[in-house]
Amino acid sequence: MIRLEHVTKTFKTKDGDVHAVKDVSIHIKKGEIYGIIGFSGAGKSTLVRCMNLLERPNEGKVIFDGEDLMEASPSALRKARAKIGMIFQHFNLMPAMTIYDNIALPLKLEKRPKDEIDAKVMELLDLIDLVERKDSYPSQLSGGQKQRVAIARALVNDPKVLLCDEATSALDPQTTQNILRLIRRINEERKITVVVITHEMFVVKELCDEVAVMESGRVVEQGEIVPVFTHPVQEMTKDFIATASNAGKVDELIAKHHPLVALKHNQQLVRLQYDSSNTAEAMISRISRKWGVDCSIIFGSVEIWRDTPIGQLVTIFTGTDEQIVRAIEDLKENNVQVEVIKRGHIE
Amino acid sequence: MDTLSNLIPNVIKFANVFPQAIVDTLIMLTVTGVVSFIIGLPVAVLVVVTKPGGIKPNRWIFWICDKIINLFRAIPFVILIPLMYGLTRAIFHTSIGIKSAFVPLIVGTIPFMARQLESAMEEIPEGIVEASTSMGMTCWQIITNVYLKQNIPGMIRGITIVLIAVIGQIAIVGTVGAGGLGDLAIRFGWQRQMSDITFVVLILLLIIISVIQFFGDWLVRKTTH
C-alpha cells in the first residue's frame, strides 16, 4: 500500500544539515498495522510525513497505492492525501468549528451534497460514540474525545491508509487503551491500513503486525512483530523491549552485583523465552525431574504481543555443569530459547 | 444648568461645534479602520503564506512585504502627514478637512493593521495547518478555512488595539486642520486657553475608546469557543 524506497530527508539549518531520515526503505502491506518505533529524535515523525509528502524527501521514492507521489502533480498529490488520513499527537482540530463541522470539513471542501455529508458524519459520530456532542467545540472535549474526533475526520474521505503520529502520547493510559482499541477496530472492520508512529513499546505490542525500529534516521530492524521482538538483533530493539518488560531489569541487577543474582559455583543464571505452545511450570518441573537441575525463578512474565503470548523467565539453575548442559539442550529441543546470562565461579 | 455653565462655560458656549467634531472623528475612525482592514488583511495573508516555512514560501514577496511594513511602522506619524501631502492633494484636491487626513491615517494604519492580523494568524498552531495540508486542502482553501477563520478572536483583539491607536492619530491630524475632536482641543483648549474644552474632549475620547474596547471584548467573548 505504501512503499518507501531509499528515502532520505535532510533539513538545512543554521547549525548545518540535520539528517532526519537516512536511506529508509520500507513496505507497508495492505490491511496491516505497521508500527514505527524509536526514541524521540529518531526521525519517525519526519518519516511518516514523507509518506504523504508533508515533508518532501530529498531523495527516494514514495509509492502510495501504485502511484509515485514524488512525480505526482499538485492536484494528484492532493487527491492522494485525501486518501491518506492522518491523526496527530495534539489532535489539530479546528478550534472555531463544532465537532460536526470538523468531521464534515474534508467533504465540504469537495462540495459533496449535504445529505451525503450528513449521513457520513453521523455514521462516524456513532463510531466514535460522540453523537450527543456534535455541536460542542473542541475546547469543550477531553483529550481522548478530541482524538476520537480527529480519527473520525481522518476517516471521512474513506481513506486507504491511516497515519497515526504519536496519537496516544498526550493521553492517559486508560484513554490510550480506548484509542488503540478504536484504531484496531477501524483496521479490522474497514480494512484500512494503519501506520503507527510511537515511542511507547506497549502501543506496538497492542496493535502492530509489523514493526520498524528507528535510530538516528535509519531503520535498524524491521519485520513481523513477534520475531523482531523475540529475537532482537540490534541493541536499540533490545533497549525498547527492556522498557516494556521486567525481564530487562536483570541486567541492571547484575551490573549492581545485587545479592539476588549472586551465584554459587554450581549455579548459572539463565533466561528462557517461550511462546504459547509451552508453559513454564511444565518445563521447569520436567527438567528438574529428568536432569536433576534445581530451578529458582527470579523473574517471570508473560507478555501478549498482538495476539501471541510470549513468556520470559529468568532462573537460576543449580547442578553440575553436565546436568545443566543437558537441561538446556532439552529445553532448546522443545522450542525454548535459552540464554546463559551469567555463570557462577569457584570462589 | 447654572452649575454646568460655571463648571464648563466654554463648552456650553461652543456646544454647537461638538457634534460635528464627534462625527468627523467617527468618520475618520470608520474610514481608516475599514480601508486599512481591507488592504491590511491581504498583506497579512501574503506575509503569513510566503514566509519561510509557510504554505507557499516565497523569499522575495515575503521580504518586500515585511520590509515595507517595517518601514512605514518606523515613520513617526507626524512626519507621515507632510510626507503624504502630495498624495493627499493628488487624490482629494485639498489639504484641509477630514479628507486631508485619510491618506496619512490609512497609510500609517495599514502596516499596523497588517502586523496585528498577521500575528493573530501566526497564533494558529502549525499543526492545524499541517492537518489541513494532510486533508488535501489547496493553498487557497487553507487561507479561507484556516488562516481567516480559526483565530477570529485574536483578529478582533488586534483590530481593537489598532482602532484605539487610530483614535490617537486622529487627534494628531486634528492639529493640522483635519477637524475632529483633536482639532477642538487645539483650537479652543490650547490656542484660546479654554481648558474646560480640552477636558471635555478628553472625556469624549475616553468614552469612544471605552466603547471600542467594550465592543471588542464582547465580540472576542462571542467568537471564542
# chains A, B, ... in the order shown; residues from 1 in each chain; ligands from 1

$ closest_atom_pairs --of "chain B" --to "chain A" --cutoff "9 Å" --atoms "only C-alpha atoms" --output "tab-separated table"
residue	atom	partner	partner_atom	distance
B:Pro125	CA	A:Asn92	CA	7.9
B:Glu126	CA	A:Asn92	CA	8.7
B:Gly127	CA	A:Asn92	CA	5.6
B:Ile128	CA	A:Asn92	CA	4.7
B:Val129	CA	A:Asn92	CA	8.3
B:Glu130	CA	A:Leu54	CA	7.4
B:Ala131	CA	A:Asn92	CA	6.4
B:Ser132	CA	A:Pro106	CA	8.8
B:Thr133	CA	A:Leu54	CA	7.3
B:Ser134	CA	A:Arg81	CA	5.7
B:Met135	CA	A:Ala82	CA	5.1
B:Gly136	CA	A:Arg78	CA	4.3
B:Met137	CA	A:Arg78	CA	6.9
B:Thr138	CA	A:Arg78	CA	7.5
B:Gln141	CA	A:Leu109	CA	7.8
B:Val146	CA	A:Met94	CA	7.7
B:Lys149	CA	A:Ala96	CA	7.1
B:Gln150	CA	A:Ala96	CA	5.3
B:Asn151	CA	A:Ala96	CA	7.3
B:Ile152	CA	A:Ala96	CA	8.2
B:Thr223	CA	A:Ala96	CA	8.0
B:Thr224	CA	A:Ala96	CA	7.5
B:His225	CA	A:Tyr137	CA	6.1

$ residues_around --residues "Val11 of chain B" --least-positions-apart "6" --cutoff "9 Å" --atoms "only C-alpha atoms" --output "number ranges by chain"
B: 5, 18, 194, 196-197, 200

$ write_last_selection --atoms "N, CA, C and O atoms" --output "PDB file, in the first residue's frame"
ATOM      1  N   SER B   5     -22.742  75.760  33.508  1.00  0.00           N
ATOM      2  CA  SER B   5     -22.117  76.904  32.841  1.00  0.00           C
ATOM      3  C   SER B   5     -20.990  77.505  33.687  1.00  0.00           C
ATOM      4  O   SER B   5     -20.080  78.142  33.163  1.00  0.00           O
ATOM      5  N   PHE B  18     -19.321  70.774  18.897  1.00  0.00           N
ATOM      6  CA  PHE B  18     -19.003  69.404  19.332  1.00  0.00           C
ATOM      7  C   PHE B  18     -19.587  68.305  18.431  1.00  0.00           C
ATOM      8  O   PHE B  18     -18.860  67.377  18.055  1.00  0.00           O
ATOM      9  N   MET B 194      -8.906  77.525  26.586  1.00  0.00           N
ATOM     10  CA  MET B 194     -10.167  77.077  27.189  1.00  0.00           C
ATOM     11  C   MET B 194      -9.982  75.637  27.665  1.00  0.00           C
ATOM     12  O   MET B 194     -10.352  74.673  26.991  1.00  0.00           O
ATOM     13  N   ASP B 196     -11.443  73.871  29.791  1.00  0.00           N
ATOM     14  CA  ASP B 196     -12.610  73.007  30.001  1.00  0.00           C
ATOM     15  C   ASP B 196     -12.953  72.249  28.715  1.00  0.00           C
ATOM     16  O   ASP B 196     -13.423  71.112  28.749  1.00  0.00           O
ATOM     17  N   ILE B 197     -12.672  72.888  27.572  1.00  0.00           N
ATOM     18  CA  ILE B 197     -12.934  72.191  26.298  1.00  0.00           C
ATOM     19  C   ILE B 197     -11.958  71.019  26.131  1.00  0.00           C
ATOM     20  O   ILE B 197     -12.355  69.904  25.765  1.00  0.00           O
ATOM     21  N   VAL B 200     -13.225  68.214  28.272  1.00  0.00           N
ATOM     22  CA  VAL B 200     -14.403  67.510  27.747  1.00  0.00           C
ATOM     23  C   VAL B 200     -14.015  66.673  26.521  1.00  0.00           C
ATOM     24  O   VAL B 200     -14.502  65.547  26.338  1.00  0.00           O
TER      25      VAL B 200
END

$ select_by_dssp --residues "segment 170-305 of chain A" --states "alpha helix (DSSP H)" --output "MDAnalysis selection string"
chainID A and resid 173:190 201:207 225:230 235:244 249:255 280:291

$ residues_around --residues "Ala101 of chain B" --least-positions-apart "2" --cutoff "10 Å" --atoms "only C-alpha atoms" --output "PyMOL selection string"
chain B and resi 28+32+81+84-85+88+95-99+103-106+169-170+172-174+176-179

$ residues_around --residues "segment 35-39 of chain A" --least-positions-apart "6" --cutoff "10 Å" --atoms "only C-alpha atoms" --output "JSON, numbers by chain"
{"A": [28, 45, 47, 48, 164, 165, 166, 194, 195, 196, 197, 198, 199, 200, 201, 203, 204, 205, 207, 208, 209, 210, 211, 212, 213, 214, 215, 216, 217, 218, 219, 220, 222, 223, 224, 225, 236, 237, 240]}

$ atom_distance --atom1 "atom CA of Ile298 of chain A" --atom2 "atom CA of Gly319 of chain A"
16.8 Å

$ closest_residue --among "A:Glu32, A:Ala42, A:Glu303, A:Met1" --to "His19 of chain A" --atoms "only C-alpha atoms"
A:Ala42

$ residues_around --residues "segment 143-146 of chain A" --least-positions-apart "5" --cutoff "9 Å" --atoms "only C-alpha atoms" --output "PyMOL selection string"
chain A and resi 90-93+99+128+130+138+151+168+170-172+175-176+178-179

$ residues_around --residues "Trp218 of chain B" --least-positions-apart "6" --cutoff "12 Å" --atoms "only C-alpha atoms" --output "short mmCIF file (atom, residue, chain, number, x, y, z; two decimals) with C-alpha atoms, in the first residue's frame"
data_model
loop_
_atom_site.label_atom_id
_atom_site.label_comp_id
_atom_site.auth_asym_id
_atom_site.auth_seq_id
_atom_site.Cartn_x
_atom_site.Cartn_y
_atom_site.Cartn_z
CA PRO B 153 -10.99 36.33 18.48
CA ILE B 156 -10.71 41.16 16.79
CA ARG B 157 -8.30 41.75 19.66
CA THR B 160 -9.39 46.74 18.73
CA SER B 210 -14.09 52.55 26.11
CA VAL B 211 -16.92 51.77 23.73
CA ILE B 212 -14.47 50.30 21.20
CA THR B 224 -14.31 32.29 21.45
#

$ atom_distance --atom1 "atom CA of Gly154 of chain B" --atom2 "atom CA of Ile124 of chain B"
9.4 Å

$ atom_distance --atom1 "atom CA of Lys61 of chain A" --atom2 "atom CA of His27 of chain A"
11.6 Å
